[in-house]
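Remarks on the structure that follows.
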Amino acid sequence: MESRADRSITTSAEVELDDIAKRFGATEVLHGVSLRVEPGQFICLLGPSGCGKTTLLRILAGLAEPDRGRVLIRGRDVTRTPAYARRIGLVFQNYALFPHMTVRDNVAFGLDARGIRGATAAERIEKALTLLQLVGLERRYPRQLSGGQQQRVALARALVLEPDVLLLDEPLSNLDARLRQEVRDQIRAVQRALGITTVFVTHDQEEALTLADRIVVLRAGAIVQSGAPLEVYRAPRDLFVANFLGDANVLRGRVRRAGSSAVFVTEHGLELPVDAAASDGAAVLIVRPEAIVLDRDRGAVRGLAGSVESVTYRGPTIDLRVTLEGGERLRVLETLPGREDTRVAQRVRVRWSERDAVVLPAEAS
Amino acid sequence: MNDRSILFRAVTVAIYAFLLLPIAVVVVASLNDGATLAFPPKRVSLRWFGAFLTSRQFMEATWVSLEVALVTAIVALVLGTAAAWALARRAMPFRFIALQYLTSPLILPGIVIGLALLQFAARLGASGSLGALVIGHTVVALPYAVRAMHAAFTQYDATLDEAAATLGARPLRTFFRVTLPLVKPSLIAGGVFAFAISFSNIMISAFLVGPGTTTLPVRMYNYMEFSNDPTIAAIATLVVIAMFSGIWALHKTVGLGGFFR
Amino acid sequence: MIRAWLLLLPAVVFLGIFFGVPIALVAVTSFIAKGGGLALDQYRRFMLDGFYRSFLTESILVSVVTTAACVVLSFPVAYQLARARSGVRGVFLTLLIAPLMVGDVVRGYGWLVALGDFGVVNQALMWLGVVEKPVRLIFTPTGVVLGLVEVLLPFMVLPLAAAIGGIPAELEEAARSLGARHARVFRKVVLPLSLPGLAAGVVIVFALSMGSFAIPLFLGGVKVNMVGPLIFQQATLTVDGPFAAAVSCVLFATSLLLLIAYAWVGTALRGEPGGR
């Protein structure tokens, strides 16, 4: 469920999904998902394949009907409304451009379906083509376009209709890595320029982190966490989210409270002070590799003792594996390298700020 | 390409020659000047083509065949396209059985279908009518239409229809503006096959023709019973030319893929 | 969401009314006895009278030979078709399909001319020195088989070619690289893997041959007794509806059994049976 904080905006939501459930045959793909998207927001549905994110998008689009629940767009209940009567735009993973029509005709299709022709249509088409830098390509056929260009035509085609919501189903996965970044930025720029509410489905956490105002992490048909990128990254609610977004060092152990402070005791007996809000009992401690500070000083006393197992230079960063005395293995990511070489088997000490560690009850994994 | 020997290729060529033998014979025989079917012809002329074109009976029969074939092709295409579209949807149960059912007239004996329709039509008092002919031909032409369109629809990218829907197009508009243009080649192929099957049909026509509704193949057969002259060869040659050019044109424009499956 | 059923219905109903019902009526008619009332008279007449039974046996014999000949002849053609480059393949396909569209009357007539005592075949045989006098081919079972094989060959070639097309060429190359010669590659690789297509072709050709009418009529006359012309004759000349109906039902049942057996075997052989 999304947090209370998301309800702070008082205007009515642009999109609301209320307890959506869907099953295919014997498999329940969505277990009662609820979601609100505010006007102008860019949200990402993020999750591994099979988590139901595409199904959710299709239900939003009207291409699938939920077994239970409601879909509301701008306050209107459109659950039983077919796709062609909803004011949504959808960009498909394979773009789905009409191969027998030129770029212009593709873009004009929706306008034509609505009876908008002639000068009015031409004007809107011009605007859309300009916005997506497609001017000059009007007479081409989809097969004569590059992947990136096809992508933009698909966008133009959807946006020219000024839909209430723009939906994108993994639009970048068919592009090569080089293009992906470029098109990603373009999509964001266009979305900001138009201020259109957008729902973007992806399995790529980097895309989600860079593009979204809000990330909704899905797993096995349910939302596990929803929030701003930084929030979801810094404060994952469970191990799955922690591992799915970025990398995570996981230490298992117990939390012991002592008055107003708390201590996390690892399986091997290491004691680490943690946030007093942590609750007693079996727990896991998560700390991101980039949050760990490596102390190479021989005389250092703060932090946990360990020895370097491997060192990988990645240019702007160094990737180190450190094995602690207790046997735990940590991954450390350092920026600003170059001061001194780090050798394998070198004895070091690692430490991190309490604030950077997340303690979760053991069941949350 | 394979590295098979010349022998293998020669054998294949010989088999094709065998396949085309009667057709070649007919074409050559049609050029006979004399009234007998000498092979090879002693003297060559086109007079039998003239005899065909000036024969009122044959011209009427040709006209009937053309009319019936055209209507049959249209009806078979409409019924077959609708059925094929339905069968290509993901969620269709019994798809295999339905497909077998719709294509069964292809291998169940045509003669039995002819007899059955004759007795059926006789009961309804409709035997010998153009309508009965069209219906009978449609029964045997429908499988061709269904197969051609089913192949097309299963290969069709359904997300295109979904995209059209998200752009505000209602199902009918989507079908006519997006789906149909993209399956046009198969539509044409199916139509041509249905037309040809109807035009050349003897087994159904033999049972269902009546005075004024005799088709060309039946007229030809009747003529063959009492006359030996090469008029039949001339007609046959014209049919061969028409069919071969039709199929070749189909191959060049639209492709014969629907049957190679 | 569209009700797909509604679109399927017209074709299904059409066939039901104009195919299913008439066939059912034929079945009913076949039980009409000579003096009225329902009995198995007509069937008895067909199956027990040696004369009429010979029609069935002759049809089966001719069909078996025809099918066997088609199997043998279609392999080279189907193989070439499946492995041909797309330009050449188009020519092959045209040559296979166009004759089908031309019709039985044209082809039957062509065979009539070709098989005559002074027709092409005999002239060729005499020219080659194989025989001294013309061989009687018209109105013989041999002539009928020749005609049927020619007419039905494409129906065997197409499904077989489709099946062979599904065999990756690499398999044959692999076999050859392991030292197998052509014959062995064929026996061990091509033949087993093309069986579904072959089965489809066999069923189709046998069924069509059993039910054939024009070719047996033209080339067999009254000397070769096959079921197709018999039905036609009984229906139109002697106008014995019930008897024609009974013969038809026997023929229909044979074909239907074949179709069911094929479908059953096909689904048993994993997934959808090889298409045609």
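Following the order of the structure tokens, chains are lettered A, B, ..., residues in each are numbered from 1, and ligands are numbered from 1.
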
Please identify every residue of chain A that has at least one atom no farther than 12 Å from an atom of chain C, counting only C-alpha atoms, and for each give the shortest atom pair and the distance in Å to one decimal, arranged by chain then increasing number, as JSON lines.
{"residue": "A:Gly62", "atom": "CA", "partner": "C:Met1", "partner_atom": "CA", "distance": 10.0}
{"residue": "A:Leu63", "atom": "CA", "partner": "C:Met1", "partner_atom": "CA", "distance": 8.8}
{"residue": "A:Ala64", "atom": "CA", "partner": "C:Met1", "partner_atom": "CA", "distance": 9.1}
{"residue": "A:Glu65", "atom": "CA", "partner": "C:Met1", "partner_atom": "CA", "distance": 9.3}
{"residue": "A:Arg80", "atom": "CA", "partner": "C:Met1", "partner_atom": "CA", "distance": 10.2}
{"residue": "A:Thr81", "atom": "CA", "partner": "C:Met1", "partner_atom": "CA", "distance": 10.1}
{"residue": "A:Pro82", "atom": "CA", "partner": "C:Met1", "partner_atom": "CA", "distance": 7.5}
{"residue": "A:Ala83", "atom": "CA", "partner": "C:Met1", "partner_atom": "CA", "distance": 9.6}
{"residue": "A:Tyr84", "atom": "CA", "partner": "C:Met1", "partner_atom": "CA", "distance": 11.0}

Write out as a ChimeraX atom specification the residues lying within 8 Å of Val183 of chain B, counting only C-alpha atoms and excluding same-chain residues fewer than 4 positions away.
/B:149,152-153,156,179,187

Write a file of the just-selected residues containing N, CA and C atoms, as a PDB file, in the first residue's frame.
ATOM      1  N   MET B 149      -7.287 -17.348 -45.027  1.00  0.00           N
ATOM      2  CA  MET B 149      -7.436 -16.253 -44.063  1.00  0.00           C
ATOM      3  C   MET B 149      -6.947 -16.643 -42.675  1.00  0.00           C
ATOM      4  N   ALA B 152      -3.347 -16.092 -42.577  1.00  0.00           N
ATOM      5  CA  ALA B 152      -3.067 -14.659 -42.498  1.00  0.00           C
ATOM      6  C   ALA B 152      -3.302 -14.117 -41.100  1.00  0.00           C
ATOM      7  N   PHE B 153      -4.409 -14.490 -40.476  1.00  0.00           N
ATOM      8  CA  PHE B 153      -4.732 -13.925 -39.167  1.00  0.00           C
ATOM      9  C   PHE B 153      -3.832 -14.449 -38.058  1.00  0.00           C
ATOM     10  N   TYR B 156      -0.856 -12.418 -38.091  1.00  0.00           N
ATOM     11  CA  TYR B 156      -1.095 -10.992 -37.929  1.00  0.00           C
ATOM     12  C   TYR B 156      -0.723 -10.543 -36.519  1.00  0.00           C
ATOM     13  N   THR B 179      -6.683  -3.901 -39.948  1.00  0.00           N
ATOM     14  CA  THR B 179      -6.563  -5.341 -40.170  1.00  0.00           C
ATOM     15  C   THR B 179      -6.682  -5.722 -41.634  1.00  0.00           C
ATOM     16  N   LEU B 187      -6.483 -12.252 -48.697  1.00  0.00           N
ATOM     17  CA  LEU B 187      -7.862 -12.097 -49.127  1.00  0.00           C
ATOM     18  C   LEU B 187      -7.953 -12.348 -50.624  1.00  0.00           C
TER      19      LEU B 187
END

Neighbour list for Leu320 of chain A as a compact mmCIF listing (two decimals) with N, CA and C atoms, in the first residue's frame, cut-off 7 Å, only C-alpha atoms, skip fewer than 4 positions in-chain:
# COMPACT_ATOMS: atom_id res chain seq x y z
N SER A 310 39.11 -8.72 -2.87
CA SER A 310 39.34 -8.41 -4.28
C SER A 310 39.17 -6.93 -4.52
N VAL A 311 39.84 -6.47 -5.56
CA VAL A 311 39.80 -5.05 -5.91
C VAL A 311 39.56 -4.94 -7.41
N THR A 312 38.54 -4.17 -7.79
CA THR A 312 38.29 -3.96 -9.23
C THR A 312 38.20 -2.46 -9.49
N ARG A 331 30.43 -5.77 0.13
CA ARG A 331 30.87 -5.12 -1.09
C ARG A 331 30.97 -3.64 -0.80
N VAL A 332 32.06 -3.06 -1.19
CA VAL A 332 32.26 -1.63 -0.94
C VAL A 332 32.50 -0.92 -2.25
N LEU A 333 31.83 0.21 -2.43
CA LEU A 333 32.02 0.99 -3.65
C LEU A 333 32.60 2.34 -3.26

Near Val26 of chain C, within 8 Å and counting only C-alpha atoms, which residues show up once chain neighbours fewer than 4 positions away are dropped, as a tab-separated table (two decimals) with C-alpha atoms, in the first residue's frame?
chain	number	residue	atom	x	y	z
B	115	LEU	CA	-25.68	-36.08	-54.16
B	116	ALA	CA	-26.65	-34.77	-50.77
B	119	GLN	CA	-31.60	-34.52	-52.75
C	22	PRO	CA	-27.97	-32.82	-46.52
C	30	SER	CA	-30.23	-44.76	-47.47
C	242	PRO	CA	-31.98	-44.65	-51.70
C	245	ALA	CA	-27.61	-42.76	-50.79
C	246	ALA	CA	-26.50	-46.06	-49.29
C	248	SER	CA	-22.65	-42.67	-50.62
C	249	CYS	CA	-22.89	-43.39	-46.94

task: Determine which residues of segment 51-237 of chain B receive a DSSP assignment of alpha helix (DSSP H), computed from the backbone, and state them as a VMD selection string.
output: chain B and resid 51 to 54 56 to 87 95 to 103 110 to 124 130 to 155 158 to 166 171 to 174 180 to 199 205 to 208 216 to 226 231 to 237

Generate the output file for the selected residues, C-alpha atoms, as a short mmCIF file (atom, residue, chain, number, x, y, z; two decimals), in the first residue's frame.
data_model
loop_
_atom_site.label_atom_id
_atom_site.label_comp_id
_atom_site.auth_asym_id
_atom_site.auth_seq_id
_atom_site.Cartn_x
_atom_site.Cartn_y
_atom_site.Cartn_z
CA ALA B 51 -16.28 -22.58 -82.73
CA PHE B 52 -16.32 -22.13 -78.98
CA LEU B 53 -16.67 -18.37 -79.05
CA THR B 54 -19.52 -18.50 -81.55
CA ARG B 56 -24.34 -19.78 -77.96
CA GLN B 57 -24.63 -22.75 -75.66
CA PHE B 58 -21.01 -22.62 -74.63
CA MET B 59 -21.08 -18.87 -74.16
CA GLU B 60 -24.13 -19.13 -71.96
CA ALA B 61 -22.49 -21.84 -69.94
CA THR B 62 -19.34 -19.75 -69.57
CA TRP B 63 -21.40 -16.83 -68.38
CA VAL B 64 -23.18 -18.97 -65.82
CA SER B 65 -19.88 -20.33 -64.57
CA LEU B 66 -18.41 -16.85 -64.24
CA GLU B 67 -21.43 -15.50 -62.40
CA VAL B 68 -21.61 -18.40 -60.02
CA ALA B 69 -17.86 -18.34 -59.39
CA LEU B 70 -17.91 -14.64 -58.58
CA VAL B 71 -20.77 -14.88 -56.12
CA THR B 72 -19.31 -18.04 -54.61
CA ALA B 73 -15.96 -16.35 -54.09
CA ILE B 74 -17.57 -13.40 -52.36
CA VAL B 75 -19.78 -15.49 -50.11
CA ALA B 76 -16.96 -17.90 -49.26
CA LEU B 77 -14.66 -14.99 -48.46
CA VAL B 78 -17.14 -13.23 -46.23
CA LEU B 79 -18.04 -16.36 -44.28
CA GLY B 80 -14.48 -17.65 -44.26
CA THR B 81 -12.83 -14.40 -43.21
CA ALA B 82 -15.22 -13.91 -40.33
CA ALA B 83 -14.70 -17.49 -39.16
CA ALA B 84 -10.92 -17.35 -39.60
CA TRP B 85 -10.71 -14.10 -37.66
CA ALA B 86 -12.67 -15.62 -34.82
CA LEU B 87 -10.51 -18.76 -34.83
CA ARG B 95 -10.11 -24.24 -32.32
CA PHE B 96 -8.66 -27.36 -33.88
CA ILE B 97 -12.01 -29.10 -34.15
CA ALA B 98 -13.64 -26.04 -35.62
CA LEU B 99 -10.90 -25.73 -38.19
CA GLN B 100 -11.22 -29.38 -39.16
CA TYR B 101 -14.98 -29.00 -39.41
CA LEU B 102 -14.76 -25.96 -41.64
CA THR B 103 -12.22 -27.55 -43.95
CA GLY B 110 -17.30 -34.35 -53.38
CA ILE B 111 -19.60 -36.78 -55.05
CA VAL B 112 -21.42 -37.40 -51.79
CA ILE B 113 -21.77 -33.68 -51.20
CA GLY B 114 -23.17 -33.33 -54.68
CA LEU B 115 -25.68 -36.08 -54.16
CA ALA B 116 -26.65 -34.77 -50.77
CA LEU B 117 -27.24 -31.29 -52.11
CA LEU B 118 -29.23 -32.65 -55.02
CA GLN B 119 -31.60 -34.52 -52.75
CA PHE B 120 -31.78 -31.58 -50.37
CA ALA B 121 -32.47 -29.12 -53.14
CA ALA B 122 -35.03 -31.42 -54.72
CA ARG B 123 -36.94 -31.53 -51.45
CA LEU B 124 -36.96 -27.76 -51.32
CA LEU B 130 -28.50 -20.59 -59.58
CA GLY B 131 -28.86 -20.24 -55.84
CA ALA B 132 -28.41 -23.96 -55.33
CA LEU B 133 -25.29 -23.86 -57.49
CA VAL B 134 -23.82 -20.98 -55.53
CA ILE B 135 -24.55 -22.69 -52.24
CA GLY B 136 -23.11 -25.99 -53.43
CA HIS B 137 -19.95 -24.33 -54.71
CA THR B 138 -19.58 -22.28 -51.58
CA VAL B 139 -19.60 -25.46 -49.51
CA VAL B 140 -16.51 -26.71 -51.36
CA ALA B 141 -14.88 -23.30 -51.73
CA LEU B 142 -15.26 -22.26 -48.09
CA PRO B 143 -12.33 -24.39 -46.88
CA TYR B 144 -9.97 -22.57 -49.23
CA ALA B 145 -11.11 -19.20 -47.97
CA VAL B 146 -10.88 -20.29 -44.34
CA ARG B 147 -7.39 -21.73 -44.74
CA ALA B 148 -6.02 -18.73 -46.58
CA MET B 149 -7.44 -16.25 -44.06
CA HIS B 150 -6.60 -18.35 -41.01
CA ALA B 151 -2.96 -18.42 -42.04
CA ALA B 152 -3.07 -14.66 -42.50
CA PHE B 153 -4.73 -13.92 -39.17
CA THR B 154 -2.49 -16.19 -37.11
CA GLN B 155 0.51 -14.35 -38.52
CA ALA B 158 -2.60 -8.36 -32.78
CA THR B 159 -0.95 -5.46 -30.98
CA LEU B 160 -1.74 -3.37 -34.05
CA ASP B 161 -5.43 -3.77 -33.32
CA GLU B 162 -4.81 -2.90 -29.69
CA ALA B 163 -2.88 0.20 -30.70
CA ALA B 164 -5.77 1.26 -32.90
CA ALA B 165 -8.14 0.81 -29.98
CA THR B 166 -6.03 2.94 -27.67
CA PRO B 171 -13.61 -2.30 -33.61
CA LEU B 172 -15.22 -1.84 -37.03
CA ARG B 173 -12.92 1.01 -37.97
CA THR B 174 -9.92 -0.98 -36.76
CA LEU B 180 -8.05 -5.79 -43.61
CA PRO B 181 -5.47 -3.79 -45.58
CA LEU B 182 -2.77 -5.84 -43.92
CA VAL B 183 -4.34 -9.18 -44.83
CA LYS B 184 -5.30 -8.07 -48.31
CA PRO B 185 -2.84 -10.43 -50.00
CA SER B 186 -4.42 -13.45 -48.37
CA LEU B 187 -7.86 -12.10 -49.13
CA ILE B 188 -7.00 -11.92 -52.78
CA ALA B 189 -5.41 -15.35 -52.78
CA GLY B 190 -8.38 -16.90 -51.01
CA GLY B 191 -10.75 -15.21 -53.41
CA VAL B 192 -8.88 -16.38 -56.47
CA PHE B 193 -8.77 -19.94 -55.21
CA ALA B 194 -12.44 -19.93 -54.34
CA PHE B 195 -13.28 -18.51 -57.76
CA ALA B 196 -11.19 -21.10 -59.55
CA ILE B 197 -12.56 -24.00 -57.52
CA SER B 198 -16.07 -22.93 -58.32
CA PHE B 199 -15.44 -22.28 -61.98
CA SER B 205 -22.33 -28.90 -60.69
CA ALA B 206 -23.06 -32.24 -62.29
CA PHE B 207 -25.78 -32.79 -59.73
CA LEU B 208 -27.15 -29.31 -59.43
CA LEU B 216 -19.14 -24.75 -68.50
CA PRO B 217 -17.57 -27.97 -67.15
CA VAL B 218 -20.92 -29.75 -67.32
CA ARG B 219 -21.58 -28.46 -70.82
CA MET B 220 -18.16 -29.66 -71.84
CA TYR B 221 -18.81 -33.10 -70.40
CA ASN B 222 -22.14 -33.36 -72.18
CA TYR B 223 -20.52 -32.35 -75.44
CA MET B 224 -17.81 -34.93 -74.99
CA GLU B 225 -20.43 -37.64 -74.82
CA PHE B 226 -21.48 -37.29 -78.40
CA THR B 231 -13.80 -27.79 -79.45
CA ILE B 232 -13.40 -29.17 -75.96
CA ALA B 233 -9.64 -28.94 -76.34
CA ALA B 234 -9.97 -25.30 -77.33
CA ILE B 235 -12.14 -24.49 -74.32
CA ALA B 236 -9.83 -26.44 -72.07
CA THR B 237 -6.86 -24.51 -73.42
#

Q: Provide the atom CA of Asp164 of chain A to atom CA of Gln41 of chain A distance in Å, to one decimal place.
A: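 Separation of atom CA of Asp164 of chain A and atom CA of Gln41 of chain A: 11.6 Å.
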
Can you tell me which residues surround Phe244 of chain B at a distance of at most 9 Å, considering only C-alpha atoms, apart from same-chain residues fewer than 6 positions away, and format the answer as a compact mmCIF listing (two decimals) with N, CA and C atoms, in the first residue's frame?
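Full text of around.txt as output:
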# COMPACT_ATOMS: atom_id res chain seq x y z
N THR C 94 3.60 -22.64 -58.52
CA THR C 94 2.65 -22.34 -59.59
C THR C 94 2.35 -23.59 -60.39
N LEU C 95 3.41 -24.33 -60.72
CA LEU C 95 3.21 -25.54 -61.53
C LEU C 95 2.42 -26.60 -60.78
N ILE C 97 0.06 -25.83 -58.25
CA ILE C 97 -1.27 -25.37 -57.87
C ILE C 97 -2.15 -25.05 -59.07
N ALA C 98 -1.56 -24.49 -60.10
CA ALA C 98 -2.38 -24.12 -61.26
C ALA C 98 -3.15 -25.32 -61.84
N PRO C 99 -2.51 -26.47 -62.01
CA PRO C 99 -3.28 -27.61 -62.52
C PRO C 99 -4.49 -27.95 -61.66
N MET C 101 -6.39 -25.92 -60.22
CA MET C 101 -7.44 -24.95 -60.47
C MET C 101 -8.11 -25.17 -61.82
N VAL C 102 -7.47 -25.95 -62.66
CA VAL C 102 -7.96 -26.10 -64.02
C VAL C 102 -9.20 -27.00 -64.08

Within 9 Å of chain B, which residues of chain A come that close, and what is the closest atom pair and distance in Å for each? Count only C-alpha atoms and give it as a Markdown table.
| residue | atom | partner | partner_atom | distance |
| --- | --- | --- | --- | --- |
| A:Ala61 | CA | B:Thr166 | CA | 7.1 |
| A:Gly62 | CA | B:Thr166 | CA | 8.0 |
| A:Leu63 | CA | B:Glu162 | CA | 7.1 |
| A:Pro82 | CA | B:Ala165 | CA | 8.3 |
| A:Ala83 | CA | B:Thr166 | CA | 5.4 |
| A:Tyr84 | CA | B:Gly168 | CA | 4.0 |
| A:Ala85 | CA | B:Gly168 | CA | 6.2 |
| A:Arg86 | CA | B:Gly168 | CA | 7.6 |
| A:Arg87 | CA | B:Gly168 | CA | 7.9 |
| A:Ile88 | CA | B:Thr166 | CA | 6.5 |
| A:Gly89 | CA | B:Thr166 | CA | 6.1 |
| A:Leu90 | CA | B:Thr166 | CA | 6.4 |
| A:Val91 | CA | B:Ala163 | CA | 8.1 |
| A:Phe92 | CA | B:Ala163 | CA | 7.7 |
| A:Asn94 | CA | B:Thr159 | CA | 8.5 |
| A:Tyr95 | CA | B:Ala163 | CA | 8.7 |
| A:Ala96 | CA | B:Leu160 | CA | 5.2 |
| A:Leu97 | CA | B:Leu160 | CA | 7.0 |
| A:Phe98 | CA | B:Leu160 | CA | 6.7 |
| A:Pro99 | CA | B:Leu182 | CA | 8.2 |
| A:His100 | CA | B:Leu182 | CA | 7.1 |
| A:Phe109 | CA | B:Leu167 | CA | 7.3 |
| A:Gly110 | CA | B:Leu167 | CA | 4.8 |
| A:Leu111 | CA | B:Leu167 | CA | 8.2 |
| A:Asp112 | CA | B:Ala169 | CA | 8.9 |
| A:Ala113 | CA | B:Ala169 | CA | 5.5 |
| A:Arg114 | CA | B:Gly168 | CA | 7.0 |
| A:Arg157 | CA | B:Leu167 | CA | 8.1 |
| A:Ala158 | CA | B:Leu167 | CA | 6.8 |
| A:Leu161 | CA | B:Leu167 | CA | 7.8 |

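Atom CA of Thr197 of chain A is positioned 5.0 Å from atom CA of Val165 of chain A.
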
TODO: Determine which residues of segment 63-240 of chain A DSSP labels as strand (DSSP E or B) from the backbone of this structure, then write them out as an MDAnalysis selection string.
DONE: chainID A and resid 68:73 76:77 88:91 165:169 197:202 214:219 222:227

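Of the residues under consideration (C:Ile231, C:Val149, C:Glu173, C:Phe92), C:Val149 shows the shortest atom-to-atom contact distance to Thr66 of chain C when counting only C-alpha atoms.
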
Of A:Ile43, A:Ala276, A:Val33, A:Leu17, the one sitting nearest Ala212 of chain A when using only C-alpha atoms is A:Ile43
